[in-house]
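Scroll down for the structure; my scribbles are underneath it.
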Amino acid sequence: MSLSLRAKFVVLSAVVQAVVVALLIGNSLRLMDQAVNRNAVRVAHEYAVTLNLTLSPYANSGRLGELSNYWTEMLSDPQDSYLRYIVILDGHERPVTTAGQRPAELPAILRNGGGEGFNSVRTWQQGDTLHARAPILLKDNKVGSLNFGLSTSELAKARDEVVLQSGLISLAGLGLGILLFYMFSQGIGRRLRTLTAQAETMFKSTFGRPLPDTAGDEIEVYARSLNTMGTALRERLQQLEASELRLSESEARFKALFDMTPVPLTVTDRSGRIIGANQALSRVFGYGPEQMIGRRSNEFKFWSDPSERDRLWQLYMRDGAVYGEIAGIVLKDGSPGKVAIWSSTFTLGGADAIIWALLDLTAEVKAKQDLEDLNASLETRVRERSADLESALETLQQTQHDLIASEKMASLGSLVAGIAHELNTPIGNSLLASTALADKVNAFEAQLSGGTLRRTALTSYSDEVRMASSLISSSLQKAANLIASFKQIAVDQTNDQRRTFNLLSAVLDTTATYTPRLKRANCDTAYHVPPSLELDSYPGSFYQIFTNLLNNALAHAFEGRDHGAITISAQELDGAMVEITFADDGIGMAEDVRRHVFDPFFTTKMGHGGTGLGMNIVYNIVTGVLGGRIAVESSPGAGAAVRITVPKSSPAKYSQ
């Protein structure tokens, strides 16, 4: 039967206290015995000295017999004296005189010099009698022995009473200690039961009220720790519940994506057994989940050659993944086919799993094979028509040149549209002011001819004419500035002549033509170009670069956003070079887009007006015309920065 912790504490306390009490009683008994023996020996020595002094006169004169009556009377009542007997022996151990209750035989150990010695007295405890032997001088100076016995019953009685009282006191202390410890353990047990109940409550995830922790002892520390742990567990469980909810939602989304993706996918364990397959796999290869789950791909007719699986598996074990490996398989209709296979390892249910993506390349491989066959049969025809191909190449180059020119004209058309939109405002303001001014002139002439003109009307007419003239003048000046900027850009782009020009002016002239589009896009522009920075180069090329960059930013960078910012900066570098940075805070580009941004005809707006030549033209102008280099830095959500490094003085004239 298992005992409770409290019962174990009480039993342990009782055992410990009992052992302590037993040791105390045993030690007290030992000390009492030692004390009694020492006192008895001391009393025996005192008696021996007293008897020697008393008996010496009688022993020397041989008159010890005269004391027989006295000894008999003295020893007749045991209550009068501790002395029980007296025997005096001569040198030959013959009795000289005897008194009291002499034992049948004196202890031989004393006769042989044994026992406990104290000066010249030898003692020996036997029962409740202490036998003593001491030398005594007899008649004619002969040495005999004085033998007597002392009763130790009173000392033993006193010792027993002391031991009894000590035992009773110790037992009372033992009982009191057990009672106090029982009462103390009762409080501890109550608090431990409370802790146990709280722990059981926490185990059931219900969390009761916080435990009281006011005792100021180790249980308080444990209760405080349990309260802290309960709070932490509550928060952790809430987090786990939220995480489980998110995980279940994520799993549901993953399952939906897994099933709906058009690429055939399978999931296997580390041994190659299929544990999942999407609908595309069944649709392409004709195997249902019940035919694949729990089996390896070599256990049903899937591979055109069984060694294909072993080859792919060895590649996976060696490299940890398979990247676009081509393998032969059997299609749904039983015909041979080709697939490109990719794999990736992930954790599923605490164990490693492998997801395999299979891209059907049968049609592509067949087309490639047909093309190879066709190329083999057309070698002769290719040689015969090499001239035609060269002509076609020239035509293609001319077409590319025309497309680039068309792109330039398209950007110029965009400038024209922007200028036309921007000119509408100042010209409209001028038209409105001139019309109002004409009405005021007619009204003034009517007052003048009717003779009703007053000074106040003349003053008002003068103020209105002045204001209208100022408005017409400022609006027409703004239109003239816009036309001058456009004219400069149009002339430079259509007839790109090398000259020295101010870079900041070129930037401002270009962005001025895009003011309406920038306003519609709620896009702010900032310029960090030194006002004194001048270049000996081709301004038309720079206009084309900035035009294409602005077009590209407005078309792609701020898609889905209601505001944006463009920053154009420039700085001089060592070696007579200039670094121009065109940056935006838009949506940025993915890595695969960034790597192909300068490719001709590459666009993410195919079918929406994009030709894919804008950035290619920029690249060709920077690297070819201006003799510089260009790079794009971007990542999704972090905007994009186009860095152009060109010499302040461009290379010799290029051929258009």
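Just remember, in the structure tokens the first chain shown is A, the second B, etc., residues are 1-based per chain, and ligands are 1-based in the order shown.
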Would you pick out the contacts of range 519-533 of chain A at 12 Å or less, using only C-alpha atoms, so that residues sharing its chain but fewer than 3 positions from it are not included, and give the list as an mmCIF file with N, CA, C and O atoms, in the first residue's frame?
```
data_model
loop_
_atom_site.group_PDB
_atom_site.id
_atom_site.type_symbol
_atom_site.label_atom_id
_atom_site.label_comp_id
_atom_site.auth_asym_id
_atom_site.auth_seq_id
_atom_site.Cartn_x
_atom_site.Cartn_y
_atom_site.Cartn_z
ATOM 1 N N GLY A 418 1.343 64.930 -74.679
ATOM 2 C CA GLY A 418 1.521 65.613 -73.394
ATOM 3 C C GLY A 418 1.579 67.115 -73.571
ATOM 4 O O GLY A 418 0.973 67.876 -72.802
ATOM 5 N N HIS A 421 -1.843 68.467 -74.355
ATOM 6 C CA HIS A 421 -2.680 68.534 -73.158
ATOM 7 C C HIS A 421 -2.256 69.688 -72.263
ATOM 8 O O HIS A 421 -3.079 70.408 -71.698
ATOM 9 N N GLU A 422 -0.963 69.860 -72.130
ATOM 10 C CA GLU A 422 -0.459 70.905 -71.238
ATOM 11 C C GLU A 422 -0.705 72.296 -71.823
ATOM 12 O O GLU A 422 -0.919 73.265 -71.094
ATOM 13 N N THR A 500 27.401 70.715 -76.573
ATOM 14 C CA THR A 500 27.517 70.845 -75.126
ATOM 15 C C THR A 500 26.179 71.329 -74.574
ATOM 16 O O THR A 500 25.631 72.326 -75.065
ATOM 17 N N PHE A 501 25.660 70.646 -73.600
ATOM 18 C CA PHE A 501 24.359 71.013 -73.040
ATOM 19 C C PHE A 501 24.387 70.772 -71.529
ATOM 20 O O PHE A 501 25.226 70.046 -70.994
ATOM 21 N N ASN A 502 23.429 71.402 -70.850
ATOM 22 C CA ASN A 502 23.284 71.281 -69.397
ATOM 23 C C ASN A 502 22.395 70.080 -69.080
ATOM 24 O O ASN A 502 21.265 69.991 -69.589
ATOM 25 N N LEU A 503 22.911 69.163 -68.263
ATOM 26 C CA LEU A 503 22.165 67.928 -67.972
ATOM 27 C C LEU A 503 20.873 68.214 -67.228
ATOM 28 O O LEU A 503 19.827 67.616 -67.517
ATOM 29 N N LEU A 504 20.890 69.153 -66.261
ATOM 30 C CA LEU A 504 19.674 69.454 -65.496
ATOM 31 C C LEU A 504 18.596 70.013 -66.413
ATOM 32 O O LEU A 504 17.413 69.672 -66.284
ATOM 33 N N SER A 505 18.986 70.864 -67.401
ATOM 34 C CA SER A 505 17.996 71.407 -68.331
ATOM 35 C C SER A 505 17.373 70.290 -69.161
ATOM 36 O O SER A 505 16.157 70.292 -69.422
ATOM 37 N N ALA A 506 18.192 69.328 -69.606
ATOM 38 C CA ALA A 506 17.650 68.209 -70.368
ATOM 39 C C ALA A 506 16.650 67.408 -69.543
ATOM 40 O O ALA A 506 15.600 66.979 -70.048
ATOM 41 N N VAL A 507 16.971 67.197 -68.254
ATOM 42 C CA VAL A 507 16.058 66.456 -67.368
ATOM 43 C C VAL A 507 14.760 67.224 -67.194
ATOM 44 O O VAL A 507 13.645 66.678 -67.305
ATOM 45 N N LEU A 508 14.851 68.517 -66.905
ATOM 46 C CA LEU A 508 13.649 69.317 -66.670
ATOM 47 C C LEU A 508 12.811 69.441 -67.936
ATOM 48 O O LEU A 508 11.569 69.401 -67.882
ATOM 49 N N THR A 511 10.919 66.028 -68.361
ATOM 50 C CA THR A 511 9.836 65.818 -67.383
ATOM 51 C C THR A 511 8.719 66.830 -67.551
ATOM 52 O O THR A 511 7.568 66.554 -67.191
ATOM 53 N N ALA A 512 9.044 68.033 -68.111
ATOM 54 C CA ALA A 512 7.993 69.029 -68.320
ATOM 55 C C ALA A 512 6.947 68.510 -69.288
ATOM 56 O O ALA A 512 5.743 68.781 -69.153
ATOM 57 N N THR A 513 7.377 67.753 -70.293
ATOM 58 C CA THR A 513 6.419 67.216 -71.264
ATOM 59 C C THR A 513 5.558 66.104 -70.680
ATOM 60 O O THR A 513 4.550 65.724 -71.281
ATOM 61 N N TYR A 514 5.968 65.538 -69.521
ATOM 62 C CA TYR A 514 5.210 64.457 -68.883
ATOM 63 C C TYR A 514 4.416 64.946 -67.682
ATOM 64 O O TYR A 514 3.906 64.159 -66.898
ATOM 65 N N THR A 515 4.329 66.286 -67.551
ATOM 66 C CA THR A 515 3.628 66.834 -66.383
ATOM 67 C C THR A 515 2.192 66.331 -66.270
ATOM 68 O O THR A 515 1.753 65.929 -65.183
ATOM 69 N N PRO A 516 1.396 66.313 -67.379
ATOM 70 C CA PRO A 516 0.010 65.823 -67.226
ATOM 71 C C PRO A 516 -0.052 64.374 -66.748
ATOM 72 O O PRO A 516 -0.834 64.053 -65.853
ATOM 73 N N ASP A 536 29.396 67.046 -73.027
ATOM 74 C CA ASP A 536 29.680 67.178 -74.462
ATOM 75 C C ASP A 536 29.232 65.881 -75.107
ATOM 76 O O ASP A 536 29.996 64.922 -75.209
ATOM 77 N N LEU A 550 10.807 57.343 -68.159
ATOM 78 C CA LEU A 550 9.565 57.867 -67.589
ATOM 79 C C LEU A 550 8.375 57.037 -68.057
ATOM 80 O O LEU A 550 7.480 56.703 -67.268
ATOM 81 N N ASN A 551 8.347 56.702 -69.350
ATOM 82 C CA ASN A 551 7.260 55.845 -69.859
ATOM 83 C C ASN A 551 7.211 54.516 -69.118
ATOM 84 O O ASN A 551 6.149 54.021 -68.725
ATOM 85 N N ALA A 553 8.412 53.744 -66.148
ATOM 86 C CA ALA A 553 8.014 53.887 -64.743
ATOM 87 C C ALA A 553 6.515 54.104 -64.621
ATOM 88 O O ALA A 553 5.838 53.494 -63.776
ATOM 89 N N LEU A 554 5.952 54.997 -65.472
ATOM 90 C CA LEU A 554 4.519 55.262 -65.379
ATOM 91 C C LEU A 554 3.692 54.060 -65.802
ATOM 92 O O LEU A 554 2.566 53.877 -65.335
ATOM 93 N N ALA A 555 4.224 53.227 -66.682
ATOM 94 C CA ALA A 555 3.463 52.065 -67.158
ATOM 95 C C ALA A 555 3.546 50.877 -66.197
ATOM 96 O O ALA A 555 2.613 50.072 -66.135
ATOM 97 N N HIS A 556 4.648 50.745 -65.465
ATOM 98 C CA HIS A 556 4.860 49.522 -64.678
ATOM 99 C C HIS A 556 5.045 49.755 -63.183
ATOM 100 O O HIS A 556 4.576 48.949 -62.388
ATOM 101 N N ALA A 557 5.757 50.833 -62.818
ATOM 102 C CA ALA A 557 6.210 50.949 -61.415
ATOM 103 C C ALA A 557 5.075 51.180 -60.437
ATOM 104 O O ALA A 557 5.117 50.694 -59.307
ATOM 105 N N PHE A 558 4.030 51.920 -60.852
ATOM 106 C CA PHE A 558 3.004 52.322 -59.885
ATOM 107 C C PHE A 558 1.667 51.639 -60.155
ATOM 108 O O PHE A 558 0.615 52.153 -59.789
ATOM 109 N N GLU A 559 1.721 50.476 -60.774
ATOM 110 C CA GLU A 559 0.493 49.747 -61.063
ATOM 111 C C GLU A 559 -0.167 49.289 -59.769
ATOM 112 O O GLU A 559 0.460 48.677 -58.903
ATOM 113 N N GLY A 560 -1.458 49.656 -59.634
ATOM 114 C CA GLY A 560 -2.179 49.285 -58.423
ATOM 115 C C GLY A 560 -1.938 50.226 -57.262
ATOM 116 O O GLY A 560 -2.393 49.950 -56.150
ATOM 117 N N ARG A 561 -1.248 51.337 -57.473
ATOM 118 C CA ARG A 561 -0.983 52.297 -56.392
ATOM 119 C C ARG A 561 -1.531 53.660 -56.786
ATOM 120 O O ARG A 561 -1.621 53.996 -57.971
ATOM 121 N N ASP A 562 -1.919 54.468 -55.786
ATOM 122 C CA ASP A 562 -2.511 55.775 -56.062
ATOM 123 C C ASP A 562 -1.516 56.915 -55.911
ATOM 124 O O ASP A 562 -1.887 58.082 -55.976
ATOM 125 N N HIS A 563 -0.254 56.610 -55.686
ATOM 126 C CA HIS A 563 0.752 57.671 -55.599
ATOM 127 C C HIS A 563 2.123 57.040 -55.823
ATOM 128 O O HIS A 563 2.278 55.814 -55.831
ATOM 129 N N GLY A 564 3.105 57.892 -56.042
ATOM 130 C CA GLY A 564 4.459 57.407 -56.259
ATOM 131 C C GLY A 564 5.445 58.560 -56.253
ATOM 132 O O GLY A 564 5.077 59.732 -56.095
ATOM 133 N N ALA A 565 6.701 58.225 -56.404
ATOM 134 C CA ALA A 565 7.756 59.238 -56.418
ATOM 135 C C ALA A 565 8.874 58.764 -57.338
ATOM 136 O O ALA A 565 9.228 57.580 -57.341
ATOM 137 N N ILE A 566 9.399 59.701 -58.128
ATOM 138 C CA ILE A 566 10.523 59.441 -59.024
ATOM 139 C C ILE A 566 11.641 60.406 -58.658
ATOM 140 O O ILE A 566 11.396 61.601 -58.455
ATOM 141 N N THR A 567 12.854 59.896 -58.565
ATOM 142 C CA THR A 567 14.016 60.714 -58.225
ATOM 143 C C THR A 567 15.066 60.543 -59.316
ATOM 144 O O THR A 567 15.433 59.409 -59.663
ATOM 145 N N ILE A 568 15.516 61.676 -59.853
ATOM 146 C CA ILE A 568 16.581 61.667 -60.866
ATOM 147 C C ILE A 568 17.770 62.400 -60.260
ATOM 148 O O ILE A 568 17.653 63.563 -59.860
ATOM 149 N N SER A 569 18.906 61.709 -60.149
ATOM 150 C CA SER A 569 20.092 62.297 -59.541
ATOM 151 C C SER A 569 21.300 62.016 -60.423
ATOM 152 O O SER A 569 21.289 61.102 -61.257
ATOM 153 N N ALA A 570 22.320 62.843 -60.225
ATOM 154 C CA ALA A 570 23.557 62.679 -61.002
ATOM 155 C C ALA A 570 24.728 63.147 -60.156
ATOM 156 O O ALA A 570 24.584 64.035 -59.296
ATOM 157 N N GLN A 571 25.877 62.551 -60.387
ATOM 158 C CA GLN A 571 27.097 62.957 -59.694
ATOM 159 C C GLN A 571 28.299 62.630 -60.575
ATOM 160 O O GLN A 571 28.281 61.684 -61.358
ATOM 161 N N GLU A 572 29.302 63.464 -60.437
ATOM 162 C CA GLU A 572 30.531 63.255 -61.188
ATOM 163 C C GLU A 572 31.399 62.231 -60.475
ATOM 164 O O GLU A 572 31.518 62.242 -59.246
ATOM 165 N N LEU A 573 32.022 61.354 -61.262
ATOM 166 C CA LEU A 573 32.916 60.340 -60.728
ATOM 167 C C LEU A 573 34.339 60.637 -61.191
ATOM 168 O O LEU A 573 34.575 61.459 -62.090
ATOM 169 N N ALA A 576 36.523 61.494 -65.263
ATOM 170 C CA ALA A 576 35.664 62.230 -66.189
ATOM 171 C C ALA A 576 34.414 61.444 -66.556
ATOM 172 O O ALA A 576 33.949 61.446 -67.701
ATOM 173 N N MET A 577 33.837 60.746 -65.577
ATOM 174 C CA MET A 577 32.606 59.983 -65.801
ATOM 175 C C MET A 577 31.480 60.606 -64.985
ATOM 176 O O MET A 577 31.700 61.303 -63.990
ATOM 177 N N VAL A 578 30.264 60.338 -65.394
ATOM 178 C CA VAL A 578 29.069 60.830 -64.712
ATOM 179 C C VAL A 578 28.146 59.635 -64.455
ATOM 180 O O VAL A 578 27.915 58.823 -65.360
ATOM 181 N N GLU A 579 27.644 59.545 -63.226
ATOM 182 C CA GLU A 579 26.680 58.496 -62.889
ATOM 183 C C GLU A 579 25.313 59.136 -62.735
ATOM 184 O O GLU A 579 25.121 60.042 -61.919
ATOM 185 N N ILE A 580 24.350 58.678 -63.529
ATOM 186 C CA ILE A 580 22.971 59.174 -63.500
ATOM 187 C C ILE A 580 22.098 58.050 -62.947
ATOM 188 O O ILE A 580 22.159 56.912 -63.416
ATOM 189 N N THR A 581 21.293 58.369 -61.934
ATOM 190 C CA THR A 581 20.417 57.375 -61.299
ATOM 191 C C THR A 581 18.975 57.802 -61.477
ATOM 192 O O THR A 581 18.590 58.914 -61.085
ATOM 193 N N PHE A 582 18.187 56.936 -62.074
ATOM 194 C CA PHE A 582 16.738 57.136 -62.229
ATOM 195 C C PHE A 582 16.058 56.119 -61.311
ATOM 196 O O PHE A 582 16.095 54.913 -61.577
ATOM 197 N N ALA A 583 15.447 56.581 -60.227
ATOM 198 C CA ALA A 583 14.904 55.675 -59.206
ATOM 199 C C ALA A 583 13.435 55.970 -58.973
ATOM 200 O O ALA A 583 12.987 57.124 -59.085
ATOM 201 N N ASP A 584 12.680 54.920 -58.649
ATOM 202 C CA ASP A 584 11.278 55.070 -58.257
ATOM 203 C C ASP A 584 11.025 54.212 -57.030
ATOM 204 O O ASP A 584 11.811 53.319 -56.694
ATOM 205 N N ASP A 585 9.937 54.518 -56.317
ATOM 206 C CA ASP A 585 9.560 53.742 -55.121
ATOM 207 C C ASP A 585 8.373 52.850 -55.412
ATOM 208 O O ASP A 585 7.520 52.642 -54.557
ATOM 209 N N GLY A 586 8.338 52.319 -56.641
ATOM 210 C CA GLY A 586 7.191 51.520 -57.069
ATOM 211 C C GLY A 586 7.222 50.090 -56.567
ATOM 212 O O GLY A 586 7.868 49.763 -55.565
ATOM 213 N N LYS A 648 31.673 62.186 -69.609
ATOM 214 C CA LYS A 648 31.209 63.559 -69.811
ATOM 215 C C LYS A 648 31.361 63.967 -71.274
ATOM 216 O O LYS A 648 30.573 64.769 -71.785
ATOM 217 N N SER A 649 32.346 63.414 -71.925
ATOM 218 C CA SER A 649 32.546 63.671 -73.348
ATOM 219 C C SER A 649 32.371 62.354 -74.085
ATOM 220 O O SER A 649 33.163 61.417 -73.901
#
```
- Based on DSSP run over this structure's backbone, return all residues of range 217-346 of chain A in strand (DSSP E), as a list in words. Leu265, Thr266, Val267, Thr268, Asp269, Ile274, Ile275, Gly276, Ala277, Glu325, Ile326, Ala327, Gly328, Ile329, Val330, Pro336, Gly337, Lys338, Val339, Ala340, Ile341, Trp342, Ser343, Ser344, Thr345 and Phe346 of chain A
Output C-alpha atoms for every residue in that selection, as a PDB file, in the first residue's frame.
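To be explicit, this is the file written out as result.pdb:
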```
ATOM      1  CA  LEU A 265       2.491  16.905 -59.092  1.00  0.00           C
ATOM      2  CA  THR A 266       3.111  13.946 -56.798  1.00  0.00           C
ATOM      3  CA  VAL A 267       4.297  13.703 -53.199  1.00  0.00           C
ATOM      4  CA  THR A 268       6.316  10.709 -52.008  1.00  0.00           C
ATOM      5  CA  ASP A 269       7.989   9.683 -48.798  1.00  0.00           C
ATOM      6  CA  ILE A 274       3.372   7.981 -53.362  1.00  0.00           C
ATOM      7  CA  ILE A 275       1.351   9.704 -50.615  1.00  0.00           C
ATOM      8  CA  GLY A 276      -0.367  12.363 -52.738  1.00  0.00           C
ATOM      9  CA  ALA A 277      -1.138  13.316 -56.354  1.00  0.00           C
ATOM     10  CA  GLU A 325      15.865  16.074 -65.813  1.00  0.00           C
ATOM     11  CA  ILE A 326      14.306  14.560 -68.970  1.00  0.00           C
ATOM     12  CA  ALA A 327      12.878  11.035 -68.623  1.00  0.00           C
ATOM     13  CA  GLY A 328      10.832   8.664 -70.761  1.00  0.00           C
ATOM     14  CA  ILE A 329       7.319   7.747 -69.622  1.00  0.00           C
ATOM     15  CA  VAL A 330       4.168   6.066 -70.914  1.00  0.00           C
ATOM     16  CA  PRO A 336       5.808   6.839 -75.247  1.00  0.00           C
ATOM     17  CA  GLY A 337       6.428  10.386 -74.057  1.00  0.00           C
ATOM     18  CA  LYS A 338       8.932  12.660 -72.409  1.00  0.00           C
ATOM     19  CA  VAL A 339       8.683  14.679 -69.207  1.00  0.00           C
ATOM     20  CA  ALA A 340      10.946  17.170 -67.471  1.00  0.00           C
ATOM     21  CA  ILE A 341      11.114  16.429 -63.734  1.00  0.00           C
ATOM     22  CA  TRP A 342      11.884  18.727 -60.802  1.00  0.00           C
ATOM     23  CA  SER A 343      11.897  17.768 -57.140  1.00  0.00           C
ATOM     24  CA  SER A 344      12.092  19.477 -53.756  1.00  0.00           C
ATOM     25  CA  THR A 345      12.238  18.149 -50.195  1.00  0.00           C
ATOM     26  CA  PHE A 346       9.950  19.464 -47.445  1.00  0.00           C
TER      27      PHE A 346
END
```
- Task: For CA of Lys157 in chain A and CA of Ser170 in chain A, determine how far apart the two atoms are, in Å to one decimal place.
- Result: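 Computed distance, CA of Lys157 in chain A to CA of Ser170 in chain A, equals 19.5 Å.
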- Leaving out Leu164 in chain A and any residue of its chain fewer than 5 positions from it, which residues lie within 10 Å of it when counting only C-alpha atoms, given as a ChimeraX atom specification? /A:25,29,158-159,169-170
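CA of Leu53 in chain A lies 17.7 Å from CA of Thr98 in chain A.
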- Among range 459-598 of chain A, which residues carry a DSSP assignment of helix (DSSP H, G or I), reported as a ChimeraX atom specification? /A:459-494,503-513,515-520,539-557,591-595
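Atom to atom, CA of Val49 in chain A and CA of Leu31 in chain A stand 26.8 Å apart.
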- Can you pull out every residue within 8 Å of range 119-129 of chain A, counting only C-alpha atoms, but drop anything in the same chain fewer than 4 positions away, and send it as a list in words? Val41, Ala44, His45, Ala48, Pro107, Ile109, Leu110, Gly113, Gly114, Gly115, Arg133, Ala134, Pro135, Gly149, Leu150, Ser151, Thr152, Ser153 and Ala156 of chain A
- Select, from A:His596, A:Ala18, A:Lys440, A:Ile617, the residue with the minimum atom-to-atom distance to Ala172 in chain A, counting only C-alpha atoms.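 Nearest to Ala172 in chain A: A:Ala18.
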- Excluding Arg84 in chain A and residues on its chain fewer than 6 positions from it, collect all residues at most 10 Å away from it, counting only C-alpha atoms, and give them as an MDAnalysis selection string. chainID A and resid 74:78 99:103 129:131 148:151
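Between Leu549 in chain A and the candidates A:Val642, A:Ala457, A:Leu626, A:Leu245, the tightest atom-to-atom separation, counting only C-alpha atoms, involves A:Val642.
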